[in-house]
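> The structure under discussion is supplied below as structure tokens; questions concerning it will follow.
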2 protein chains.
Amino acid sequence: MAQSDTVDRILDAAEELFAERGFSETSLRMITSKAKVNLAAVNYHFGSKNALIHAVFARFLTPFSATLETAFDELEERCDGQPPTLNQTLWALTESAVRMPQRNEKGISIFMRLLGLAYTQSQGHLRKFLEQEYSEPFGRFMRLLKEATPELSSVDRYWRIQFMLGATAFTMSSSDALIDILENKLGVETTVQEIAARLVPFLAAGMKAPDKMLVPPTNSGVSVA
Amino acid sequence: MAQSDTVDRILDAAEELFAERGFSETSLRMITSKAKVNLAAVNYHFGSKNALIHAVFARFLTPFSATLETAFDELEERCDGQPPTLNQTLWALTESAVRMPQRNEKGISIFMRLLGLAYTQSQGHLRKFLEQEYSEPFGRFMRLLKEATPELSSVDRYWRIQFMLGATAFTMSSSDALIDILENKLGVETTVQEIAARLVPFLAAGMKAPDKMLVPPTNSGVSVA
DNA sequence: GTCTGTTTGAAACATACGTTTGAAGGCCTG
DNA sequence: CAGGCCTTCAAACGTATGTTTCAAACAGAC
């Protein structure tokens, strides 16, 4: 119990604090005092603050990427031969994320926010770590997207994938704040699962949108509906 | 020339560094050495680091919100009575942003990234500053969006606006890098205006997407096209 | 029980930060 | 050219950070 208890307590506290405040804004002293362990424990068990950040991500991301691979396997098997549709691909991703075993009730939302922060806060070391550690499931997801949108030119698909990434990373990175605002303003409670259920159709519709608009509608707007 | 030169040099350096690295990750010493001014100049001219952050935003946002108000005025006048369409509203916004006089070639993309950071990094003071300083044009944009999407529930609209914000802020914030990647990979040159021309239809299609999906299509994907 | 390797503990380390100070410099008004 | 005001400058302040140190506590094996 000795080691694993301390290590897990640090990871739990770090995960939560990073998600709340970002990486640079969270000090090791905040983490160790929340985890009720000695300050030196972080450097003893992980080596450095950056390595702790990596460990926080790895604890979730490694099982998740395995789950995701399985989901993609099943999806491709079900479609035997046929490439999966865009909706199926997006759902395989979100389903895998939502179905992950969660340490507590906040589990998934905390991690979504961390992923958003990883993309947003330019922590060079983190991006490098994620790229070289999880490039395979990411590349596979890209391949599926390409097969699901054969009608798009490479350039259009490129930009629309960026738009999807942006909407997702941005929303998830501030999901807690957004959920709070929504509850205060409209008195509605929301879960991350519900956000995902709203996000996927939005993304799918955007990916399948009519062509790039060439001339701004200065005197007569071209309706989309 | 004495004061204004120092003040502007600080603002230029701060703007660029904040956009590159975020707020907490950028020190006053980085800013002052990039601007080639004395360290104390920031606290002398602005009072504090937080006030400098506010000034960086105000320098762009104040003229922009004026331009935007004019654009909305013209739009509503053109539509006399009729609420502007979603496309028209989105175009009024992006046109105003793109048409702003820019200090340098990076102008617009730097500021988009800053806006994204303002939303993402939980800088309480910044959000408070922006809310109480620019609530009017923001509220007007929201009102126009509401009138352009009467078919959406408040909650659906809220989330889809977040998705739009995310796709925009994220894409624009890294537009330089993305443009470079695209040129290297596919040999295609792009401008920020072209990105906007691709982004607006994507956003409009997302806003007008069919309802929130309640059940994941586990064995037969519901196509959107 | 004693020894060995691992884990914790309190304290200190060096460094970086935002901010303040007080003297020196420059510029315009009289 | 003298005085006053705004600006710059080098230096220091106090505080907070990530990391290191080394002794104490602990565990399990013999």
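Chain lettering (A, B, ...) mirrors the order of the structure tokens, residue numbering begins at 1 for each chain separately, and ligand numbering begins at 1 in order of display.
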What lies within 10 Å of region 12-21 of chain C using only C-alpha atoms (C1' of nucleotides), ignoring chain neighbours under 2 positions off, as a PyMOL selection string?
(chain B and resi 27-29+40+43+47-49) or (chain C and resi 10+23) or (chain D and resi 11-21)
> Once chain A sits on chain B after a least-squares Cα superposition, all atoms in order, what's the RMSD?
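Between these identical-sequence chains, the C-alpha RMSD is 1.2 Å.
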> Pick out the residues sitting within 10 Å of DA29 (chain D), and hand them over as an NGL selection string; count only C-alpha atoms (C1' of nucleotides), and ignore anything fewer than 2 positions along from it in its own chain.
(:C and (3-4)) or (:D and (27))
> Write out, as a tab-separated table (two decimals), in the first residue's frame, the residues just selected, with N, CA, C and O atoms (P, O5', C5', C4', C3', O3' and C1' of nucleotides).

```
chain	number	residue	atom	x	y	z
C	3	DC	P	23.09	-5.13	12.71
C	3	DC	O5'	23.05	-5.20	11.12
C	3	DC	C5'	23.06	-6.49	10.47
C	3	DC	C4'	22.24	-6.41	9.20
C	3	DC	C3'	22.54	-5.20	8.30
C	3	DC	O3'	22.91	-5.66	7.01
C	3	DC	C1'	20.20	-5.49	8.57
C	4	DT	P	23.49	-4.62	5.97
C	4	DT	O5'	22.27	-4.45	4.97
C	4	DT	C5'	21.67	-5.61	4.36
C	4	DT	C4'	20.65	-5.19	3.32
C	4	DT	C3'	21.02	-3.92	2.57
C	4	DT	O3'	20.60	-4.02	1.22
C	4	DT	C1'	18.99	-3.58	3.72
D	27	DA	P	5.43	-0.20	8.29
D	27	DA	O5'	6.08	-1.23	7.27
D	27	DA	C5'	5.92	-1.00	5.86
D	27	DA	C4'	6.92	-1.84	5.08
D	27	DA	C3'	6.86	-3.34	5.41
D	27	DA	O3'	6.19	-4.01	4.36
D	27	DA	C1'	9.13	-2.49	5.38
```
> List the spatial neighbours of Glu147 (chain A) as a list in words - criterion: any atom at most 12 Å away, only C-alpha atoms (C1' of nucleotides), same-chain residues fewer than 6 positions off excluded.
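With the cut-off at 12 Å, the set is Glu76, Gly81, Gln82, Pro83, Pro84, Thr85, Leu86, Gln88, Thr89, Arg140, Phe141, Ser153, Ser154 and Arg157 of chain A.
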> Take the residues just selected and output them with N, CA and C atoms as a PDB file, in the first residue's frame.

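What ended up in again19.pdb:
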```pdb
ATOM      1  N   GLU A  76     -15.097  -1.484 -37.942  1.00  0.00           N
ATOM      2  CA  GLU A  76     -14.693  -1.881 -39.290  1.00  0.00           C
ATOM      3  C   GLU A  76     -15.176  -3.293 -39.604  1.00  0.00           C
ATOM      4  N   GLY A  81     -15.718  -4.378 -45.152  1.00  0.00           N
ATOM      5  CA  GLY A  81     -15.406  -3.851 -46.460  1.00  0.00           C
ATOM      6  C   GLY A  81     -15.774  -2.390 -46.607  1.00  0.00           C
ATOM      7  N   GLN A  82     -17.074  -2.113 -46.440  1.00  0.00           N
ATOM      8  CA  GLN A  82     -17.544  -0.722 -46.510  1.00  0.00           C
ATOM      9  C   GLN A  82     -16.800   0.163 -45.499  1.00  0.00           C
ATOM     10  N   PRO A  83     -16.397   1.350 -45.896  1.00  0.00           N
ATOM     11  CA  PRO A  83     -15.822   2.267 -44.906  1.00  0.00           C
ATOM     12  C   PRO A  83     -16.918   2.790 -43.980  1.00  0.00           C
ATOM     13  N   PRO A  84     -16.656   2.885 -42.677  1.00  0.00           N
ATOM     14  CA  PRO A  84     -17.653   3.416 -41.731  1.00  0.00           C
ATOM     15  C   PRO A  84     -18.047   4.836 -42.101  1.00  0.00           C
ATOM     16  N   THR A  85     -19.286   5.197 -41.754  1.00  0.00           N
ATOM     17  CA  THR A  85     -19.735   6.572 -42.034  1.00  0.00           C
ATOM     18  C   THR A  85     -19.092   7.540 -41.060  1.00  0.00           C
ATOM     19  N   LEU A  86     -19.259   8.813 -41.391  1.00  0.00           N
ATOM     20  CA  LEU A  86     -18.715   9.860 -40.525  1.00  0.00           C
ATOM     21  C   LEU A  86     -19.305   9.787 -39.126  1.00  0.00           C
ATOM     22  N   GLN A  88     -20.652   7.259 -37.616  1.00  0.00           N
ATOM     23  CA  GLN A  88     -20.173   6.069 -36.905  1.00  0.00           C
ATOM     24  C   GLN A  88     -18.776   6.299 -36.349  1.00  0.00           C
ATOM     25  N   THR A  89     -17.931   6.909 -37.156  1.00  0.00           N
ATOM     26  CA  THR A  89     -16.564   7.137 -36.709  1.00  0.00           C
ATOM     27  C   THR A  89     -16.527   8.082 -35.516  1.00  0.00           C
ATOM     28  N   ARG A 140      -5.059   6.528 -37.147  1.00  0.00           N
ATOM     29  CA  ARG A 140      -6.151   5.675 -37.626  1.00  0.00           C
ATOM     30  C   ARG A 140      -7.451   6.446 -37.711  1.00  0.00           C
ATOM     31  N   PHE A 141      -7.696   7.285 -36.722  1.00  0.00           N
ATOM     32  CA  PHE A 141      -8.890   8.125 -36.727  1.00  0.00           C
ATOM     33  C   PHE A 141      -8.894   9.020 -37.963  1.00  0.00           C
ATOM     34  N   SER A 153     -12.419  17.615 -51.045  1.00  0.00           N
ATOM     35  CA  SER A 153     -11.036  17.725 -51.511  1.00  0.00           C
ATOM     36  C   SER A 153     -10.119  17.654 -50.301  1.00  0.00           C
ATOM     37  N   SER A 154      -8.852  17.332 -50.544  1.00  0.00           N
ATOM     38  CA  SER A 154      -7.913  17.231 -49.422  1.00  0.00           C
ATOM     39  C   SER A 154      -7.860  18.538 -48.644  1.00  0.00           C
ATOM     40  N   ARG A 157     -11.074  19.017 -46.606  1.00  0.00           N
ATOM     41  CA  ARG A 157     -11.087  18.106 -45.468  1.00  0.00           C
ATOM     42  C   ARG A 157     -10.111  18.561 -44.406  1.00  0.00           C
TER      43      ARG A 157
END
```
> Using DSSP on the backbone coordinates, identify the residues of region 1-222 of chain A assigned to helix (DSSP H, G or I); present them as an MDAnalysis selection string.
chainID A and resid 2:21 28:35 40:45 49:78 86:99 107:120 124:148 154:173 175:186 192:207
> Given a cut-off of 10 Å, which residues of chain B touch chain D, counting only C-alpha atoms (C1' of nucleotides), written out as a list in words?
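Contact residues on the first chain: Ala2, Gln3, Thr6, Val37, Asn38, Leu39, Ala40, Ala41, Tyr44 and His45 of chain B.
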> Restricted to N, CA, C and O atoms, what would the selected residues look like written as a short mmCIF file (atom, residue, chain, number, x, y, z; two decimals), in the first residue's frame?

```cif
data_model
loop_
_atom_site.label_atom_id
_atom_site.label_comp_id
_atom_site.auth_asym_id
_atom_site.auth_seq_id
_atom_site.Cartn_x
_atom_site.Cartn_y
_atom_site.Cartn_z
N ALA B 2 8.39 60.16 -27.10
CA ALA B 2 9.01 59.47 -25.97
C ALA B 2 8.10 58.39 -25.38
O ALA B 2 8.39 57.20 -25.51
N GLN B 3 6.98 58.80 -24.78
CA GLN B 3 6.14 57.83 -24.12
C GLN B 3 5.53 56.82 -25.08
O GLN B 3 5.64 55.62 -24.89
N THR B 6 7.60 53.83 -26.22
CA THR B 6 7.79 52.77 -25.22
C THR B 6 6.50 51.99 -25.01
O THR B 6 6.50 50.76 -25.03
N VAL B 37 13.01 47.65 -23.71
CA VAL B 37 12.75 48.73 -22.76
C VAL B 37 13.12 48.22 -21.37
O VAL B 37 13.34 47.02 -21.17
N ASN B 38 13.16 49.13 -20.42
CA ASN B 38 13.53 48.75 -19.05
C ASN B 38 12.40 47.97 -18.39
O ASN B 38 11.21 48.18 -18.67
N LEU B 39 12.81 47.06 -17.51
CA LEU B 39 11.83 46.21 -16.84
C LEU B 39 10.75 47.02 -16.13
O LEU B 39 9.56 46.70 -16.20
N ALA B 40 11.18 48.12 -15.47
CA ALA B 40 10.23 48.90 -14.67
C ALA B 40 9.20 49.62 -15.53
O ALA B 40 8.19 50.10 -15.02
N ALA B 41 9.46 49.72 -16.83
CA ALA B 41 8.57 50.49 -17.70
C ALA B 41 7.15 49.96 -17.68
O ALA B 41 6.19 50.73 -17.77
N TYR B 44 5.50 51.10 -14.61
CA TYR B 44 5.35 52.55 -14.65
C TYR B 44 4.18 52.96 -15.55
O TYR B 44 3.33 53.76 -15.17
N HIS B 45 4.12 52.39 -16.75
CA HIS B 45 3.12 52.83 -17.71
C HIS B 45 1.77 52.16 -17.53
O HIS B 45 0.74 52.75 -17.85
#
```
